[in-house]
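Undergrad: Structure: my_file33.txt, compact mmCIF, C-alpha atoms and all ligand atoms.
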```
# COMPACT_ATOMS: atom_id res chain seq x y z
CA MET A 51 -3.65 -3.96 -10.66
CA GLU A 52 -1.79 -1.00 -9.23
CA ASP A 53 -1.79 2.31 -11.04
CA TYR A 54 1.92 2.61 -11.87
CA LEU A 55 3.65 5.62 -13.29
CA LEU A 56 6.93 3.88 -14.03
CA VAL A 57 7.96 0.24 -14.22
CA THR A 58 11.46 -0.97 -15.03
CA LYS A 59 12.26 -4.40 -16.39
CA ASP A 60 15.70 -5.92 -15.78
CA LEU A 61 17.25 -2.49 -16.16
CA THR A 62 21.02 -2.89 -16.44
CA LYS A 63 23.95 -0.53 -16.94
CA VAL A 64 27.52 -1.68 -17.41
CA TYR A 65 30.38 0.81 -17.51
CA LYS A 66 33.47 -0.85 -18.97
CA GLU A 67 34.33 -3.21 -16.10
CA THR A 68 31.68 -2.12 -13.61
CA VAL A 69 28.15 -3.47 -13.38
CA ALA A 70 26.61 -0.27 -11.98
CA VAL A 71 22.99 -1.46 -12.18
CA GLN A 72 21.97 -5.07 -12.57
CA SER A 73 18.52 -6.35 -13.57
CA VAL A 74 16.61 -3.73 -11.62
CA ASN A 75 12.83 -4.08 -11.42
CA ILE A 76 11.12 -1.22 -9.63
CA HIS A 77 7.46 -0.26 -9.64
CA ILE A 78 6.62 3.37 -8.91
CA LYS A 79 2.96 4.03 -8.15
CA LYS A 80 1.27 7.21 -9.32
CA GLY A 81 1.16 9.70 -6.48
CA SER A 82 3.76 7.89 -4.38
CA ILE A 83 6.98 9.12 -2.83
CA TYR A 84 9.40 6.37 -3.73
CA GLY A 85 12.65 6.15 -1.79
CA LEU A 86 15.69 4.60 -3.42
CA ILE A 87 18.06 3.69 -0.60
CA GLY A 88 21.61 2.49 -0.98
CA LYS A 89 25.15 3.12 0.15
CA ASN A 90 27.48 5.31 -1.90
CA GLY A 91 28.16 3.69 -5.24
CA ALA A 92 25.16 1.34 -5.00
CA GLY A 93 23.80 2.52 -8.35
CA LYS A 94 21.10 5.04 -7.37
CA THR A 95 22.32 7.86 -9.62
CA THR A 96 22.74 5.51 -12.57
CA ILE A 97 19.14 4.27 -12.27
CA MET A 98 17.91 7.87 -12.10
CA LYS A 99 19.97 8.90 -15.12
CA MET A 100 18.55 6.07 -17.19
CA ILE A 101 14.91 6.71 -16.35
CA ALA A 102 15.39 10.46 -16.89
CA GLY A 103 16.77 9.75 -20.36
CA LEU A 104 20.29 10.94 -19.49
CA ALA A 105 21.98 7.55 -19.88
CA ARG A 106 21.20 4.62 -22.11
CA PRO A 107 20.55 1.23 -20.49
CA THR A 108 22.99 -1.51 -21.51
CA SER A 109 20.06 -3.92 -21.42
CA GLY A 110 16.58 -4.13 -19.97
CA SER A 111 13.94 -1.45 -20.30
CA PHE A 112 11.62 0.93 -18.52
CA GLU A 113 8.15 2.14 -19.32
CA TYR A 114 6.27 5.22 -18.22
CA THR A 115 2.98 3.41 -18.02
CA GLY A 116 1.39 6.40 -16.30
CA PHE A 117 1.95 8.78 -19.22
CA LYS A 118 0.16 8.64 -22.50
CA GLY A 119 2.12 9.29 -25.68
CA SER A 120 5.71 8.72 -26.68
CA GLU A 121 8.76 8.27 -24.44
CA LYS A 122 9.85 11.76 -25.48
CA GLU A 123 6.55 13.19 -24.20
CA ALA A 124 7.00 11.27 -20.96
CA PHE A 125 10.49 12.76 -20.51
CA SER A 126 8.97 16.23 -20.91
CA ARG A 127 6.77 15.53 -17.85
CA ILE A 128 9.81 14.83 -15.66
CA GLY A 129 11.68 17.29 -13.48
CA ALA A 130 15.07 16.01 -12.41
CA LEU A 131 17.77 17.04 -9.97
CA ILE A 132 20.53 14.53 -10.53
CA GLU A 133 24.03 15.01 -9.10
CA SER A 134 24.75 18.72 -8.68
CA PRO A 135 22.14 21.10 -10.05
CA ALA A 136 23.02 23.15 -13.12
CA ILE A 137 23.25 26.45 -11.28
CA GLU A 138 24.80 29.58 -12.72
CA PRO A 139 26.87 30.91 -9.76
CA ASN A 140 26.91 34.54 -10.88
CA LEU A 141 23.14 34.81 -11.02
CA THR A 142 20.48 35.15 -8.34
CA ALA A 143 17.87 32.46 -7.68
CA PHE A 144 15.38 34.52 -9.70
CA ASP A 145 17.65 34.78 -12.75
CA ASN A 146 18.66 31.13 -12.58
CA ILE A 147 15.01 30.11 -12.66
CA LYS A 148 14.24 32.71 -15.34
CA ILE A 149 16.75 31.11 -17.73
CA LYS A 150 15.13 27.72 -17.32
CA CYS A 151 11.66 29.28 -17.69
CA LEU A 152 12.68 30.88 -20.98
CA ALA A 153 13.64 27.45 -22.30
CA PHE A 154 10.13 26.31 -21.37
CA GLY A 155 8.50 29.38 -22.92
CA ILE A 156 7.37 30.69 -19.53
CA GLY A 157 7.64 34.47 -19.34
CA ASP A 158 5.51 35.12 -16.26
CA LYS A 159 7.44 36.85 -13.46
CA LYS A 160 4.95 35.65 -10.84
CA TYR A 161 5.59 32.05 -11.87
CA ILE A 162 9.21 32.56 -10.81
CA THR A 163 8.47 34.35 -7.54
CA ASP A 164 5.89 31.68 -6.66
CA LEU A 165 8.48 28.96 -7.23
CA ILE A 166 11.02 30.84 -5.13
CA GLU A 167 8.49 31.10 -2.33
CA LEU A 168 7.47 27.48 -2.67
CA VAL A 169 11.02 26.22 -2.10
CA GLY A 170 11.64 28.72 0.70
CA LEU A 171 14.20 30.92 -1.05
CA SER A 172 12.33 34.20 -0.74
CA GLY A 173 14.97 35.55 1.61
CA SER A 174 17.84 35.05 -0.86
CA GLY A 175 17.08 38.33 -2.70
CA LYS A 176 20.03 39.67 -4.66
CA LYS A 177 22.47 37.09 -3.35
CA LYS A 178 24.34 35.26 -6.11
CA ALA A 179 23.75 31.50 -6.20
CA GLY A 180 27.51 30.87 -5.95
CA LYS A 181 27.35 32.29 -2.42
CA PHE A 182 24.39 30.12 -1.36
CA SER A 183 24.61 27.63 1.48
CA LEU A 184 24.33 23.97 0.51
CA GLY A 185 20.70 23.99 1.65
CA GLN A 186 19.90 27.01 -0.51
CA LYS A 187 21.60 25.38 -3.50
CA GLN A 188 19.51 22.25 -3.01
CA ARG A 189 16.35 24.34 -2.82
CA LEU A 190 17.29 26.16 -6.00
CA GLY A 191 17.98 22.81 -7.65
CA ILE A 192 14.51 21.62 -6.66
CA ALA A 193 12.95 24.88 -7.93
CA LEU A 194 14.72 24.39 -11.28
CA ALA A 195 13.44 20.82 -11.45
CA LEU A 196 9.91 22.15 -10.87
CA VAL A 197 9.96 24.53 -13.83
CA GLY A 198 7.32 23.38 -16.31
CA ASP A 199 5.16 21.78 -13.60
CA PRO A 200 6.36 18.18 -13.94
CA ASP A 201 4.21 15.22 -12.91
CA PHE A 202 7.25 13.25 -11.82
CA LEU A 203 10.15 14.62 -9.80
CA ILE A 204 13.45 12.74 -9.66
CA LEU A 205 15.69 13.95 -6.86
CA ASP A 206 19.15 12.49 -6.30
CA GLU A 207 20.16 12.85 -2.63
CA PRO A 208 18.46 16.24 -2.17
CA ILE A 209 18.95 16.12 1.59
CA ASN A 210 22.58 15.10 1.51
CA GLY A 211 24.69 17.38 3.66
CA LEU A 212 21.78 19.39 5.07
CA ASP A 213 21.46 20.07 8.79
CA PRO A 214 18.49 18.54 10.66
CA GLN A 215 16.38 21.67 10.24
CA GLY A 216 17.16 21.84 6.53
CA ILE A 217 16.23 18.17 6.18
CA ALA A 218 12.91 18.76 7.95
CA GLU A 219 12.14 21.76 5.73
CA VAL A 220 12.91 19.98 2.48
CA ARG A 221 10.90 16.99 3.69
CA GLU A 222 7.95 19.23 4.47
CA MET A 223 8.19 20.91 1.07
CA LEU A 224 8.28 17.60 -0.79
CA SER A 225 5.30 16.29 1.18
CA ARG A 226 3.40 19.42 0.21
CA LEU A 227 4.30 19.07 -3.48
CA ASN A 228 3.15 15.48 -3.36
CA GLU A 229 -0.11 16.18 -1.55
CA GLU A 230 -1.15 19.49 -3.05
CA ARG A 231 0.08 19.09 -6.62
CA GLY A 232 -0.12 15.30 -6.83
CA ILE A 233 3.50 15.07 -7.99
CA THR A 234 5.00 11.58 -7.88
CA ILE A 235 8.49 11.75 -6.41
CA LEU A 236 11.51 9.47 -6.68
CA ILE A 237 14.10 10.40 -4.09
CA SER A 238 17.41 8.76 -3.28
CA SER A 239 19.36 8.69 -0.05
CA HIS A 240 21.98 6.58 1.70
CA ILE A 241 20.13 7.01 5.01
CA LEU A 242 16.95 5.00 5.34
CA GLU A 243 15.92 6.71 8.57
CA GLU A 244 15.87 10.11 6.84
CA LEU A 245 13.48 8.95 4.16
CA SER A 246 11.28 6.92 6.47
CA LYS A 247 9.31 10.01 7.48
CA LEU A 248 8.59 10.86 3.87
CA ALA A 249 8.54 7.87 1.54
CA THR A 250 5.48 5.73 0.91
CA ASP A 251 7.45 3.02 -0.89
CA TYR A 252 11.07 1.88 -1.00
CA ALA A 253 13.63 -0.03 -2.90
CA ILE A 254 16.84 -0.94 -1.13
CA ILE A 255 19.70 -1.21 -3.59
CA ASP A 256 23.09 -2.76 -2.99
CA TYR A 257 25.89 -3.35 -5.48
CA GLY A 258 23.56 -2.49 -8.34
CA ARG A 259 20.82 -4.94 -7.35
CA ILE A 260 17.47 -4.35 -5.66
CA VAL A 261 17.57 -6.37 -2.46
CA GLU A 262 14.08 -5.42 -1.38
CA GLU A 263 11.10 -3.43 -2.63
CA SER A 264 8.41 -2.71 -0.04
CA THR A 265 5.83 -0.25 1.15
CA ASN A 266 6.54 1.98 4.12
CA LYS A 267 3.99 0.00 6.13
CA GLU A 268 5.71 -3.31 5.37
CA LEU A 269 9.08 -1.88 6.26
CA LYS A 270 7.90 -0.46 9.58
CA GLU A 271 6.33 -3.84 10.37
CA LYS A 272 9.65 -5.56 9.79
CA CYS A 273 11.37 -3.15 12.13
CA ARG A 274 8.83 -3.34 14.97
CA ASP A 275 9.80 -5.02 18.25
CA LYS A 276 8.38 -8.52 18.25
CA ILE A 277 8.50 -12.02 19.67
CA VAL A 278 9.87 -14.34 16.99
CA ILE A 279 8.78 -17.96 17.35
CA LYS A 280 10.40 -20.63 15.19
CA THR A 281 8.51 -23.90 15.10
CA GLU A 282 7.65 -26.72 12.69
CA LYS A 283 4.07 -26.62 14.02
CA VAL A 284 2.86 -23.15 13.13
CA SER A 285 -0.75 -24.17 12.60
CA THR A 286 -1.04 -25.83 16.02
CA ALA A 287 0.75 -22.96 17.73
CA ILE A 288 -1.70 -20.34 16.45
CA PRO A 289 -4.74 -21.44 18.55
CA ILE A 290 -2.53 -21.45 21.67
CA ILE A 291 -1.29 -17.95 20.90
CA GLU A 292 -4.86 -16.75 20.37
CA SER A 293 -6.18 -18.48 23.48
CA LEU A 294 -3.63 -16.53 25.53
CA GLY A 295 -5.12 -13.32 24.16
CA PHE A 296 -2.33 -12.27 21.80
CA ASN A 297 -4.14 -10.56 18.95
CA ASP A 298 -1.45 -8.82 16.98
CA TYR A 299 0.59 -11.53 15.29
CA SER A 300 1.53 -12.60 11.80
CA VAL A 301 2.59 -15.86 10.24
CA VAL A 302 5.71 -14.99 8.28
CA ASN A 303 6.31 -18.42 6.74
CA ASP A 304 5.59 -22.08 7.55
CA LYS A 305 8.17 -22.03 10.35
CA THR A 306 7.98 -18.50 11.76
CA ILE A 307 5.41 -16.48 13.71
CA HIS A 308 5.82 -12.86 14.78
CA VAL A 309 3.88 -11.63 17.82
CA PHE A 310 3.80 -7.86 18.24
CA ASP A 311 1.85 -7.26 21.46
CA ARG A 312 2.62 -7.96 25.14
CA LEU A 313 6.29 -8.67 24.60
CA SER A 314 6.85 -8.99 28.35
CA ASP A 315 4.63 -12.10 28.40
CA ILE A 316 7.16 -14.07 26.38
CA THR A 317 7.84 -16.52 29.26
CA VAL A 318 4.13 -17.35 29.65
CA LEU A 319 3.87 -17.85 25.91
CA ASN A 320 6.89 -20.14 25.90
CA MET A 321 5.53 -22.19 28.81
CA GLU A 322 2.09 -22.61 27.26
CA LEU A 323 3.56 -23.73 23.95
CA ALA A 324 5.69 -26.30 25.81
CA LYS A 325 2.64 -27.47 27.80
CA ALA A 326 0.78 -28.03 24.53
CA GLN A 327 3.78 -30.08 23.36
CA ILE A 328 4.57 -27.81 20.49
CA PRO A 329 8.25 -28.16 19.58
CA VAL A 330 9.72 -24.66 19.66
CA GLU A 331 13.07 -24.38 17.95
CA SER A 332 13.61 -20.88 19.27
CA ILE A 333 11.67 -18.02 20.81
CA GLY A 334 13.00 -14.54 21.50
CA ILE A 335 12.45 -10.83 21.18
CA GLU A 336 13.86 -9.14 18.10
CA SER A 337 14.08 -5.47 17.52
CA SER A 338 15.90 -3.43 14.97
CA ASP A 339 15.70 0.18 14.01
CA LEU A 340 15.54 1.14 10.37
CA GLU A 341 19.26 1.69 10.06
CA GLU A 342 20.07 -1.69 11.62
CA TYR A 343 17.58 -3.25 9.27
CA PHE A 344 19.21 -1.56 6.30
CA LEU A 345 22.61 -2.85 7.35
CA LYS A 346 21.17 -6.32 7.86
CA VAL A 347 19.69 -6.57 4.38
CA THR A 348 22.65 -4.99 2.62
CA GLY A 349 25.34 -6.69 4.74
CA THR A 350 27.95 -4.71 6.64
CA VAL A 351 30.98 -6.40 5.17
CA PRO A 352 32.55 -4.22 2.54
CA GLY A 353 33.08 -6.25 -0.61
CA GLU A 354 34.61 -5.83 -4.00
CA ARG A 355 32.25 -4.55 -6.63
CA ARG A 356 31.34 -7.24 -9.11
CA LYS A 357 33.20 -7.10 -12.37
CA ALA A 358 31.34 -7.12 -15.65
P1 LIG A 401 26.67 7.94 -4.96
O1 LIG A 401 25.65 8.36 -3.96
O2 LIG A 401 28.04 7.79 -4.40
O3 LIG A 401 26.61 8.72 -6.25
P2 LIG A 401 25.17 5.90 -6.28
O4 LIG A 401 24.39 4.88 -5.53
O5 LIG A 401 24.42 7.00 -6.91
O6 LIG A 401 26.28 6.45 -5.35
P3 LIG A 401 26.25 5.48 -8.90
O7 LIG A 401 26.78 6.88 -9.01
O8 LIG A 401 25.06 5.12 -9.69
O9 LIG A 401 25.99 5.11 -7.39
O10 LIG A 401 27.46 4.50 -9.27
C1 LIG A 401 27.32 3.09 -9.33
C2 LIG A 401 28.64 2.50 -9.77
O11 LIG A 401 28.89 2.81 -11.13
C3 LIG A 401 29.85 3.00 -8.99
O12 LIG A 401 30.76 1.93 -8.81
C4 LIG A 401 30.43 4.04 -9.90
O13 LIG A 401 31.81 4.14 -9.69
C5 LIG A 401 30.14 3.47 -11.27
N1 LIG A 401 29.93 4.53 -12.28
C6 LIG A 401 28.99 5.49 -12.27
N2 LIG A 401 29.11 6.28 -13.37
C7 LIG A 401 30.16 5.80 -14.08
C8 LIG A 401 30.78 6.18 -15.32
N3 LIG A 401 30.34 7.21 -16.03
N4 LIG A 401 31.84 5.44 -15.73
C9 LIG A 401 32.30 4.39 -15.01
N5 LIG A 401 31.75 3.97 -13.85
C10 LIG A 401 30.71 4.66 -13.39
```
I'd like the structure from this file rewritten - as structure tokens, please.
Ligand code: ATP

TA:
Amino acid sequence: MEDYLLVTKDLTKVYKETVAVQSVNIHIKKGSIYGLIGKNGAGKTTIMKMIAGLARPTSGSFEYTGFKGSEKEAFSRIGALIESPAIEPNLTAFDNIKIKCLAFGIGDKKYITDLIELVGLSGSGKKKAGKFSLGQKQRLGIALALVGDPDFLILDEPINGLDPQGIAEVREMLSRLNEERGITILISSHILEELSKLATDYAIIDYGRIVEESTNKELKEKCRDKIVIKTEKVSTAIPIIESLGFNDYSVVNDKTIHVFDRLSDITVLNMELAKAQIPVESIGIESSDLEEYFLKVTGTVPGERRKA
């Protein structure tokens, strides 16, 4: 049994005519960085709002299995940056954080300067937050979410609109928070590739539904270049594959085998299978990068959103 921090059960949110989130079941492990990937309007923000206690589910439920105590206590262990951060434009980063600290009963100046340093805003000095770049605003939003030392950080598209260096920096900061402070992180994005360097687990969401939940390892496996063999005789094909010295393969289902090594030997493999009279329906090399994979599982054809 996995050590989960949060589990949702058929979580659903309907806004008037729109089914924003439909029967969502996600399982967030303690200590993981969980990526929620979906196109704009897929329902990521709505899921985050519900589990942060900012919106009420229409039906279904969620449980913070990783926290002891009431739901209210669990909410107090969450730091969230959902949609745009509540930043006061006329104040500096320091004063913005100070206001939030006061609400938490934290009066220590060093706590604030440490947070500013942690998110890489030390250089912002007396600059008012209203004049910050998008990257600086995102960092301040993350710093605000970190006030009170949460165990669970919910970040809605924190790398949206950042340049590649900004993305790398935020990624590095989140990795550090996860490793050094053991914070579990839920992070959303519409770009799978961007999260692939950070997330340990994923859910791909499309039109309010989870189309796939997998670990990073499983996802990378699916996207690796491979020989795909379709045959009715999987069990007889395996000894042939092994006898030819292919070691890295997996049986995907009773009709499909994936071979990951020596892709250039596909002709030999095909010939040997034919020689052994194994009926091969198809054999070929498949490759897809993460983004192609994302488009494949979510479908590229734009469709009407389902009505409630
Ligand atoms: P984005 O990245 O564009 O915010 P998202 O994946 O976060 O996308 P949501 O913001 O959760 O998606 O929206 C899911 C659907 O629910 C969309 O069709 C949106 O228009 C609709 N929706 C969200 N909030 C409301 C609301 N308050 N009232 C009506 N419809 C809403």

Undergrad: Could you list, as a PyMOL selection string, all the residues within 8 Å of ligand LIG 401 (chain A), counting all atoms listed in the file?

TA: chain A and resi 64-71+88-97+133+206-207+239-240+255+257-258+355

Undergrad: Closest to Glu123 (chain A) among A:Ala193, A:Ile235, A:Ala102, A:Ile209, using all atoms listed in the file?

TA: A:Ala102

Undergrad: Applying 10 Å and all atoms listed in the file, which residues near Gly103 (chain A) remain after dropping the ones on its own chain fewer than 3 positions away? List them as a PyMOL selection string.

TA: chain A and resi 98-100+106-107+121-122+124-125+128

Undergrad: For CA of Thr108 (chain A) and CA of Ile260 (chain A), determine how far apart the two atoms are, in Å to one decimal place.

TA: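 CA of Thr108 (chain A) sits 17.0 Å away from CA of Ile260 (chain A).
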
Undergrad: For region 326-330 of chain A, work out the shell of residues within 8 Å, counting all atoms listed in the file and skipping chain neighbours fewer than 3 positions away, then give it as a list of chain:residue names.

TA: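 In the requested form, the answer reads A:Ile279, A:Lys280, A:Thr281, A:Glu282, A:Lys283, A:Thr286, A:Ala287, A:Ile290, A:Glu322, A:Leu323, A:Ile333.
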